[in-house]
Amino acid sequence: MIHLIRGFRDILPGEVELWQRIETVAKDLFEHFSYREIRIPIMEKTELFARSIGEDTDIVEKEMYTFADRKGDLLTLRPEATASIVRAYIQHKLYAEDPVRKYYLVGPMFRRERPQKGRYRQFYQIDVEAFGVAAPYIDVQMIFMLHTLFNRLGVGDTQAHLNSLGCPQCRPAYRQALMALLDKVHAQLCEDCRRRKARNPLRVLDCKVPACQQAVADAPAIVDYLCPECRDHFDTVTRSLDALQVPFVLNKRLVRGLDYYTRTAFEMQTGALGAQSAVAGGGRYDGLIEALGGPPTPAIGFAIGFDRLAEIVGQLQGSAPSGIGLFIAALGPAAQEKAFMWLSRLGDQGISVEMDFAGRSLKAQMKRADRLGAGHVLILGDAELQKGMAQLRNMTTKEQQEIALDGLVETLARELKK
Ligand code: HAM
């Protein structure tokens, strides 16, 4: 028996309905704020991710599924969607007519992390990006949409963590202050962080090794080094969130695991998932589009961990299996043949319908109808066929009535809607 790959998983019927519902609620919300769906490949040239996410990040250093194809080109299964959506924006010159573009995407991502509850090697994201808006209001819209979506899904106990990561103007001063501290605690840092310190010291703040976390516990906060423009931007974000009554906490330690961020960075955290506390994360990345060869364009976005969100919503609601509308219990080959014709027409009419093809007893078929959660069962045997009638049993009230085979589709369409 061949099993699936470690860290990958099947999402089976029963659970899928929950995913569909979440996706419908999310898409409905995004569309109302003028975001449109975009679909892009799950594989890109490795360079795209290395250059955008950053060479010194865990994702690029250790987690990407990268391989050389037959011609030796290095390809990577996408570990996130932002870089690819930016690539598409630049490649198709989507900025030409109107630089303001708003997209969402739902799909699988791949990271070779250590699998555990809420952390998979193939996982799904609901990703949202807005290009071309510099105003802080779009930052607010992002966090407002997350907050609203979680509320609509009944997930109340998430908290938005918010920070500003500054811009190329204010970062050098912060970097210097941070370096002064890192030099002092150099001996306590892990191997990776010693290397990161030289190339990208902010990454040290994000290290999960306890000794490193302890070493940087007193690190200066970026928000204390913001230039006046970044300060203004951040103040408008927090003021507008307050005005919209979106709760948040300022988290001076939040740096995010990807290098492209500038200014506003945020995560939605929850206690419901043990160690994997981030259900969503995002932020502004005003320099990325230009860095990848596009025109200077401000941008911001977030991604929700779909697996994690489904887990939380599932815990709250339990899974409510949805039953079918009608089961046709056909007795004997002649009845079966007729029943199959009706099944086809009823399905076509929008009635969810199923039948048994094994020619089993009425009792066995009624049992299956029960298992499928059928609202009604249509019983059809030779005697009924001869009379031109069938029995319709309401599985909730247990009432049974005779209905004519003539005009059956119309009668059932009416009866089942009652
Ligand atoms: P990220 O923080 O790397 O951001 O991922 C976003 C969310 O994806 C996380 O908060 C988490 O819920 C989920 N996630 C990440 N890794 C895994 C995993 N191995 N298993 C299950 N869920 C996972 C990004 O990916 C950015 N592209 C977000 C963004 C969009 N920033 C701007 N635009």
# chains A, B, ... in the order shown; residues from 1 in each chain; ligands from 1
call {"tool": "residues_near_ligand", "arguments": {"ligand": "ligand 1", "cutoff": "7 Å", "atoms": "only C-alpha atoms and all ligand atoms", "output": "PyMOL selection string"}}
result
chain A and resi 80-82+111+113+118-125+127-129+256-258+267+278-284+300-308
call {"tool": "residues_around", "arguments": {"residues": "segment 181-193 of chain A", "least_positions_apart": "6", "cutoff": "7 Å", "atoms": "only C-alpha atoms", "output": "list in words"}}
result
Val204, Ala211, Cys212, Ala215 and Ala219 of chain A
call {"tool": "select_by_dssp", "arguments": {"residues": "segment 159-261 of chain A", "states": "strand (DSSP E)", "output": "PyMOL selection string"}}
result
chain A and resi 159-164+248-250
call {"tool": "residues_around", "arguments": {"residues": "Arg360 of chain A", "least_positions_apart": "5", "cutoff": "12 Å", "atoms": "only C-alpha atoms", "output": "PyMOL selection string"}}
result
chain A and resi 329-333+336+355+365-368
call {"tool": "closest_residue", "arguments": {"among": "A:Ile222, A:Val25, A:Leu346, A:Leu408", "to": "Cys170 of chain A", "atoms": "only C-alpha atoms"}}
result
A:Ile222
call {"tool": "closest_residue", "arguments": {"among": "A:Thr262, A:Ile312, A:Gly381, A:Gln141", "to": "Ile328 of chain A", "atoms": "only C-alpha atoms"}}
result
A:Gly381
call {"tool": "select_by_dssp", "arguments": {"residues": "segment 292-413 of chain A", "states": "alpha helix (DSSP H)", "output": "number ranges by chain"}}
result
A: 306-317, 333-348, 362-371, 382-387, 408-413
call {"tool": "atom_distance", "arguments": {"atom1": "atom CA of Ala68 of chain A", "atom2": "atom CA of Leu292 of chain A"}}
result
22.2 Å
call {"tool": "closest_residue", "arguments": {"among": "A:Ile38, A:Gly325, A:Glu337, A:Met142", "to": "Asp382 of chain A", "atoms": "only C-alpha atoms"}}
result
A:Glu337
call {"tool": "atom_distance", "arguments": {"atom1": "atom CA of Lys197 of chain A", "atom2": "atom CA of Gln176 of chain A"}}
result
11.4 Å
call {"tool": "residues_around", "arguments": {"residues": "Ile403 of chain A", "least_positions_apart": "5", "cutoff": "8 Å", "atoms": "only C-alpha atoms", "output": "PyMOL selection string"}}
result
chain A and resi 389-392+408+411
call {"tool": "closest_residue", "arguments": {"among": "A:Leu380, A:Val140, A:Leu416, A:Ile42", "to": "Ile324 of chain A", "atoms": "only C-alpha atoms"}}
result
A:Leu416
call {"tool": "residues_around", "arguments": {"residues": "Val255 of chain A", "least_positions_apart": "6", "cutoff": "8 Å", "atoms": "only C-alpha atoms", "output": "MDAnalysis selection string"}}
result
chainID A and resid 163 165 202:203 205:206 265
call {"tool": "atom_distance", "arguments": {"atom1": "atom CA of Phe234 of chain A", "atom2": "atom CA of His32 of chain A"}}
result
25.5 Å
call {"tool": "residues_around", "arguments": {"residues": "Pro298 of chain A", "least_positions_apart": "4", "cutoff": "12 Å", "atoms": "only C-alpha atoms", "output": "PyMOL selection string"}}
result
chain A and resi 86+95+99-101+129-136+138-139+167+260-264+283-291+294
call {"tool": "closest_residue", "arguments": {"among": "A:Arg51, A:Lys102, A:Lys62, A:Lys117", "to": "Ala83 of chain A", "atoms": "only C-alpha atoms"}}
result
A:Arg51
call {"tool": "decode", "arguments": {"residues": "segment 261-276 of chain A", "atoms": "all heavy atoms", "output": "tab-separated table (two decimals), in the first residue's frame"}}
result
chain	number	residue	atom	x	y	z
A	261	TYR	N	8.86	42.96	3.44
A	261	TYR	CA	7.95	43.90	4.08
A	261	TYR	C	8.55	45.27	4.39
A	261	TYR	O	9.74	45.39	4.70
A	261	TYR	CB	7.40	43.30	5.38
A	261	TYR	CG	6.49	42.13	5.13
A	261	TYR	CD1	6.85	40.84	5.46
A	261	TYR	CD2	5.25	42.32	4.52
A	261	TYR	CE1	6.01	39.77	5.20
A	261	TYR	CE2	4.40	41.26	4.26
A	261	TYR	CZ	4.79	39.98	4.60
A	261	TYR	OH	3.96	38.94	4.34
A	262	THR	N	7.70	46.29	4.29
A	262	THR	CA	8.02	47.65	4.72
A	262	THR	C	6.80	48.15	5.49
A	262	THR	O	5.69	47.66	5.27
A	262	THR	CB	8.19	48.59	3.51
A	262	THR	OG1	7.04	48.46	2.66
A	262	THR	CG2	9.43	48.25	2.71
A	263	ARG	N	6.99	49.08	6.36
A	263	ARG	CA	5.88	49.70	7.12
A	263	ARG	C	4.96	48.65	7.79
A	263	ARG	O	5.44	47.75	8.44
A	263	ARG	CB	5.09	50.63	6.20
A	263	ARG	CG	5.94	51.83	5.78
A	263	ARG	CD	5.13	52.95	5.18
A	263	ARG	NE	5.92	54.16	5.09
A	263	ARG	CZ	5.56	55.24	4.46
A	263	ARG	NH1	4.39	55.29	3.84
A	263	ARG	NH2	6.34	56.30	4.44
A	264	THR	N	3.65	48.75	7.55
A	264	THR	CA	2.70	47.93	8.32
A	264	THR	C	2.91	46.43	8.13
A	264	THR	O	2.94	45.93	7.01
A	264	THR	CB	1.26	48.27	7.87
A	264	THR	OG1	1.14	49.68	7.76
A	264	THR	CG2	0.24	47.74	8.85
A	265	ALA	N	3.05	45.72	9.26
A	265	ALA	CA	3.08	44.26	9.23
A	265	ALA	C	2.09	43.77	10.27
A	265	ALA	O	1.92	44.40	11.32
A	265	ALA	CB	4.48	43.76	9.56
A	266	PHE	N	1.39	42.68	9.96
A	266	PHE	CA	0.37	42.22	10.91
A	266	PHE	C	0.20	40.71	10.86
A	266	PHE	O	0.53	40.06	9.87
A	266	PHE	CB	-0.98	42.90	10.65
A	266	PHE	CG	-1.43	42.81	9.21
A	266	PHE	CD1	-2.22	41.76	8.76
A	266	PHE	CD2	-1.05	43.79	8.30
A	266	PHE	CE1	-2.62	41.68	7.44
A	266	PHE	CE2	-1.44	43.71	6.96
A	266	PHE	CZ	-2.23	42.66	6.53
A	267	GLU	N	-0.29	40.17	11.96
A	267	GLU	CA	-0.64	38.75	12.02
A	267	GLU	C	-1.92	38.60	12.81
A	267	GLU	O	-2.17	39.37	13.74
A	267	GLU	CB	0.48	37.94	12.71
A	267	GLU	CG	1.57	37.54	11.75
A	267	GLU	CD	2.67	36.69	12.38
A	267	GLU	OE1	2.54	36.30	13.56
A	267	GLU	OE2	3.65	36.41	11.67
A	268	MET	N	-2.74	37.63	12.42
A	268	MET	CA	-3.90	37.29	13.24
A	268	MET	C	-3.50	36.07	14.06
A	268	MET	O	-3.14	35.03	13.50
A	268	MET	CB	-5.11	36.94	12.36
A	268	MET	CG	-5.57	38.05	11.46
A	268	MET	SD	-6.15	39.53	12.31
A	268	MET	CE	-7.77	39.02	12.87
A	269	GLN	N	-3.54	36.21	15.36
A	269	GLN	CA	-3.11	35.13	16.24
A	269	GLN	C	-4.30	34.54	16.98
A	269	GLN	O	-5.27	35.23	17.25
A	269	GLN	CB	-2.13	35.69	17.28
A	269	GLN	CG	-1.04	36.53	16.68
A	269	GLN	CD	0.33	35.91	16.86
A	269	GLN	OE1	0.48	34.88	17.48
A	269	GLN	NE2	1.34	36.56	16.31
A	270	THR	N	-4.17	33.25	17.29
A	270	THR	CA	-5.24	32.57	18.02
A	270	THR	C	-4.64	31.60	19.03
A	270	THR	O	-3.53	31.10	18.81
A	270	THR	CB	-6.17	31.80	17.07
A	270	THR	OG1	-7.03	30.97	17.84
A	270	THR	CG2	-5.40	30.93	16.11
A	271	GLY	N	-5.38	31.33	20.08
A	271	GLY	CA	-4.91	30.35	21.06
A	271	GLY	C	-5.40	28.96	20.72
A	271	GLY	O	-5.04	27.98	21.34
A	272	ALA	N	-6.24	28.85	19.68
A	272	ALA	CA	-6.94	27.60	19.40
A	272	ALA	C	-6.07	26.51	18.78
A	272	ALA	O	-6.49	25.36	18.69
A	272	ALA	CB	-8.14	27.88	18.49
A	273	LEU	N	-4.85	26.84	18.37
A	273	LEU	CA	-4.09	25.87	17.59
A	273	LEU	C	-2.76	25.48	18.22
A	273	LEU	O	-1.84	25.03	17.53
A	273	LEU	CB	-3.82	26.42	16.18
A	273	LEU	CG	-5.03	26.48	15.26
A	273	LEU	CD1	-4.67	27.23	13.99
A	273	LEU	CD2	-5.52	25.08	14.91
A	274	GLY	N	-2.63	25.64	19.52
A	274	GLY	CA	-1.37	25.27	20.17
A	274	GLY	C	-0.24	26.15	19.66
A	274	GLY	O	-0.37	27.37	19.59
A	275	ALA	N	0.85	25.49	19.25
A	275	ALA	CA	2.06	26.24	18.88
A	275	ALA	C	1.86	27.07	17.62
A	275	ALA	O	2.50	28.10	17.45
A	275	ALA	CB	3.21	25.26	18.68
A	276	GLN	N	0.99	26.64	16.74
A	276	GLN	CA	0.82	27.36	15.47
A	276	GLN	C	-0.20	28.48	15.66
A	276	GLN	O	-1.37	28.34	15.32
A	276	GLN	CB	0.37	26.40	14.35
A	276	GLN	CG	1.33	25.26	14.12
A	276	GLN	CD	2.77	25.74	13.99
A	276	GLN	OE1	3.07	26.68	13.28
A	276	GLN	NE2	3.68	25.10	14.71
